[in-house]
Each structure stands twice: as C-alpha cells, then as structure tokens.
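Asks: Could you have a look at this structure, given as structure tokens, before my questions?
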Amino acid sequence: MLNFAVGPVMSSEEVRAIGAEQVPYFRTAEFSAVMLENEKLVLKFAKAPEGSRVVFLTGSGTSAMEASVMHTLTPEDKALVVNGGSFGHRFVQMLELHEIPHTEIKMPMGKGLTAEMLAPYENQGYTAFLVNIDETSTGVLYDIDLIGDFCRRNNIYLIVDAISAFFTDPLDMTARGIDLMLTGSQKALACPPGVALIVLAPRALERVEKGKTKCMYLDLKDALKNGERGQTPFTPAVGTLRQINARLRQIDRAGGVDAEIARIAGLAAYFRAQIKDLPFELVSESPTNAVTPLHPTTAKAYDIFTILKDEYGIWICPNGGEMRDTVFRVGHIGDLHESDYDTLIAAFKDLQKRGII
Ligand SMILES: *Cc1c(COP(=O)(O)O)cnc(C)c1O
C-alpha cells in the first residue's frame, strides 16, 4: 500500500514495529517517563512559552477541539471563528452546541485570510479567536502572523487547530502569541489514530483553572493534574503513546521541527513541480505544505481515487460532501519519499494514456 491520504498516513518502520509489540501495563515509572518525555518534546517543537503544558487525550483530533472549546471558553466570551471548510464548520458546530457567542468569518473556498477581511472585527470586544490554521479540506494555510498580530492588538485569546499543520508549516506559539494549540496522532505525527494533543500556554491554563464546565472524560483539570506525574486519569492509548515517543525522538534526532517542516515542504514542492502537464487545477491559493488538493478537469475526483486504489494500490485522499466529485487531495505527511511521488506521477500518466483522465 502506498498512502497519500492526510490521516492516517504511512508510519516509519520503527513506529510500526512498536505497534507489533505487546502493550504494557501503564501505571509504572517507565510509562510515566515516556509521557514526561513526550510532553517535553512537544513543548519544544511547538516553541511553547515558559510554563506551558501538554495534555494527551485518548480520542481523535476532534476530542481535543471539543475539550478546548468546552473547558477554555464560556458563554461570557465573544468568539470569532474562521470557517473555510469542513473543519472550520466543526468549530462553528461546537460553539453552537456549547452556547458560546460567536461570529463566523465565512471564507470563500481556497482563499487565504487577508488584513481587509479582519479589519471589521478590530476593537469590537471579541475575546477569543478560533482557526484551523491549515483547513485540511481545501489545503488552505491561514496567515498565522496576521492572526497573531490581530489577537495581540485586540487582547484576544487564540486557539489554533494545527491538527494537520504541526510539523508541516511553521508555528511558533511564543512568537505568535498562540494560547492553545491542538493536534492529533495520525497526521504529521505519522502514528496510528487515537491520541489528541493539546498544548496549553499560561493563558489557556488559567482559563482551564477557572472553568466550570462539567465533563468527566474530557476534563482538562484532571488530565493536567495526572500529567504532572506523567499519567492520565483513565487508560490511554498506551501503544500509540509509545509510538508517539519513538516518532518525537526520531524528529529530534533528525534536526527537530524545522528540519521536518523543510523535509515536508520539499516533498510538496517536488510533487507540485510535476503536475503541470496533468489535467488538474490547484484548489488552494494559500497552500499548506501538508497537502495538495486538486480539481481534475477531465474526470470525477472520486473515480480517480477508486481506480488508483483498486488498480494501482495507491491511496490518494478523496473529499467528502459537495467536493466528492470535484476535488481529491495528495498528502505530503507521513513516511513518504520522492520516489513515492515518482510512482504516483507514473500512475497519473498511465491514467492519461488510458484516456481515464
Ligand atoms: C484531521 C483534522 C481534524 C480532526 O480529525 P479527527 O478525525 O477527529 O482526528 C480536525 N481539524 C483538522 C484541521 C484536521 O486536519
């Protein structure tokens, strides 16, 4: 299998080998040491400010989105939320469900955020800002410098969903004033799904401390308290957390977060340079390194996905909903190499020769 999906993605040999091992009992000093090292490395890679903490939830990325909304926002907040696709829409649904007053910045498909778009919200009493910094459904990377400056000027608490952007595009929590950043195990962390991570800077920790929302499983106060000794309130995805540890160490050995971002950016550029002669149009005008969404002009996107999967053993990433037939995505995250893109391009050329695209 050759997988260009945007999660789950291809895992390295080392990470997969851990998946084949027996899963150990976890209320031990050994597992606590793994967890404390995971926290330390994530804080370093996120460039988190002094006093920040990391919570590891057993759940998909959405559990981290919802825990962040529930436990760090209140009905006294006035939130701004960027909605440029499926994941932005998910934040909007959560704000509605948890009754947090909010205004939606509805984005045209494929477009980046500009200073003009933010201008009307300047000095309007907003207290929180939520953004999926890479809207993975359309591959749009929003401008974190612009958003960070806007939030700082207006003293706004900033939540960044970096589920697909952590390790693919630069995100410096300290320099950009990001208060809360969240991600998941199955995107650029390239591990199996099942663990969601929340990095909380001091302002986010303060909000958790003051929070009154009741919830047992996703209680961040409890998670933070247990995390002090490298533990979790309930049985976590022990195996996946051990795989995350191996992967974080791998990234550290290979030069850290900046080296990993450069590697992924290189793969994205390598692929994009070779699609010029294919009947595909780029969807994103503000592209992330994580993924390249493409609009095929001569065939249905979902048909291309199906044929590549069934006849070539290659998985690209289909889109859902309204974009099912018009957009497919090629990911650049996971254990992928230039030779893998050569294989994919050869398959596209073959489809072209066969008159399918
Ligand atoms: C993948 C993704 C999610 C959530 O994913 P889960 O399916 O819950 O793991 C949320 N936001 C973004 C930007 C994503 O890419």
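How things are named: the first chain in the structure tokens is A, the next is B, and so on; residues count from 1 in each chain; ligands count from 1 in the order shown.
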Within 6 Å of ligand 1, which residues of chain A show up? Give each one with its shortest atom-to-atom distance in Å (one decimal) and the two atoms involved, counting only C-alpha atoms and all ligand atoms, rows by chain then rising residue number, as a tab-separated table.
Replies:
```
residue	atom	partner	partner_atom_place_in_ligand_line	distance
A:Ser60	CA	ligand 1	9 (O)	3.9
A:Gly61	CA	ligand 1	9 (O)	3.6
A:Thr62	CA	ligand 1	8 (O)	3.6
A:Phe87	CA	ligand 1	11 (N)	5.1
A:Asn132	CA	ligand 1	13 (C)	5.1
A:Asp134	CA	ligand 1	13 (C)	5.6
A:Glu135	CA	ligand 1	13 (C)	5.1
A:Thr136	CA	ligand 1	15 (O)	4.7
A:Asp161	CA	ligand 1	13 (C)	5.9
A:Ile163	CA	ligand 1	12 (C)	4.8
A:Ser164	CA	ligand 1	15 (O)	4.4
```
Asks: Need to verify the contact set: A:Ala175, 10 Å, only C-alpha atoms, exclusion of same-chain residues closer than 5 positions in sequence. Can you return it as a ChimeraX atom specification?
Replies: /A:47-49,145,148-149
Asks: With only C-alpha atoms as the basis for distance, which of A:Lys187, A:Arg176, A:Lys78, A:Lys221 is at the shortest distance from A:Ala162?
Replies: A:Lys187
Asks: Determine, counting only C-alpha atoms, which protein, DNA and RNA residues have an atom within 12 Å of an atom of A:Met117; residues of the same chain fewer than 3 positions away are not included. Present the result as a PDB file with C-alpha atoms, in the first residue's frame.
Replies:
```pdb
ATOM      1  CA  VAL A  82     -12.730  31.210  10.681  1.00  0.00           C
ATOM      2  CA  GLU A 104     -18.288  33.308  11.787  1.00  0.00           C
ATOM      3  CA  ILE A 105     -15.811  34.559   9.193  1.00  0.00           C
ATOM      4  CA  LYS A 106     -17.041  32.546   6.232  1.00  0.00           C
ATOM      5  CA  MET A 107     -14.211  32.057   3.748  1.00  0.00           C
ATOM      6  CA  PRO A 108     -14.528  31.605   0.002  1.00  0.00           C
ATOM      7  CA  LYS A 111      -8.805  31.632  -0.339  1.00  0.00           C
ATOM      8  CA  GLY A 112      -6.455  32.835   2.393  1.00  0.00           C
ATOM      9  CA  LEU A 113      -7.331  35.338   5.101  1.00  0.00           C
ATOM     10  CA  THR A 114      -6.361  38.979   4.488  1.00  0.00           C
ATOM     11  CA  PRO A 120     -14.216  44.946  10.563  1.00  0.00           C
ATOM     12  CA  TYR A 121     -13.580  42.937  13.744  1.00  0.00           C
ATOM     13  CA  GLU A 122     -10.951  45.289  15.146  1.00  0.00           C
ATOM     14  CA  LEU A 146      -1.623  38.218  10.573  1.00  0.00           C
ATOM     15  CA  ILE A 147      -3.869  36.374  13.039  1.00  0.00           C
ATOM     16  CA  PHE A 150      -4.635  40.844  15.288  1.00  0.00           C
TER      17      PHE A 150
END
```
Asks: Against stretch 236-254 of chain A, which residues of stretch 85-201 of chain A fall within 7 Å? For each one I want the closest pair of atoms and the distance in Å (one decimal), counting only C-alpha atoms, rows by chain and increasing residue number, as a Markdown table.
Replies:
```
| residue | atom | partner | partner_atom | distance |
| --- | --- | --- | --- | --- |
| A:Leu189 | CA | A:Arg247 | CA | 7.0 |
| A:Cys191 | CA | A:Ile244 | CA | 6.4 |
| A:Pro192 | CA | A:Thr240 | CA | 6.4 |
| A:Gly194 | CA | A:Ala237 | CA | 6.6 |
| A:Val195 | CA | A:Ala237 | CA | 6.8 |
```
Asks: May I have the selected residues written with N, CA and C atoms, as a PDB file, in the first residue's frame?
Replies:
```pdb
ATOM      1  N   LEU A 189       2.310  13.614  12.715  1.00  0.00           N
ATOM      2  CA  LEU A 189       2.990  12.797  13.726  1.00  0.00           C
ATOM      3  C   LEU A 189       3.166  11.362  13.216  1.00  0.00           C
ATOM      4  N   CYS A 191       1.577   8.525  13.291  1.00  0.00           N
ATOM      5  CA  CYS A 191       1.332   7.371  14.155  1.00  0.00           C
ATOM      6  C   CYS A 191      -0.110   6.922  13.913  1.00  0.00           C
ATOM      7  N   PRO A 192      -0.537   5.805  14.490  1.00  0.00           N
ATOM      8  CA  PRO A 192      -1.943   5.430  14.318  1.00  0.00           C
ATOM      9  C   PRO A 192      -2.868   6.469  14.959  1.00  0.00           C
ATOM     10  N   GLY A 194      -5.868   7.978  17.395  1.00  0.00           N
ATOM     11  CA  GLY A 194      -6.304   7.608  18.743  1.00  0.00           C
ATOM     12  C   GLY A 194      -5.822   8.524  19.844  1.00  0.00           C
ATOM     13  N   VAL A 195      -4.842   9.386  19.540  1.00  0.00           N
ATOM     14  CA  VAL A 195      -4.377  10.323  20.573  1.00  0.00           C
ATOM     15  C   VAL A 195      -4.481  11.742  20.044  1.00  0.00           C
TER      16      VAL A 195
END
```
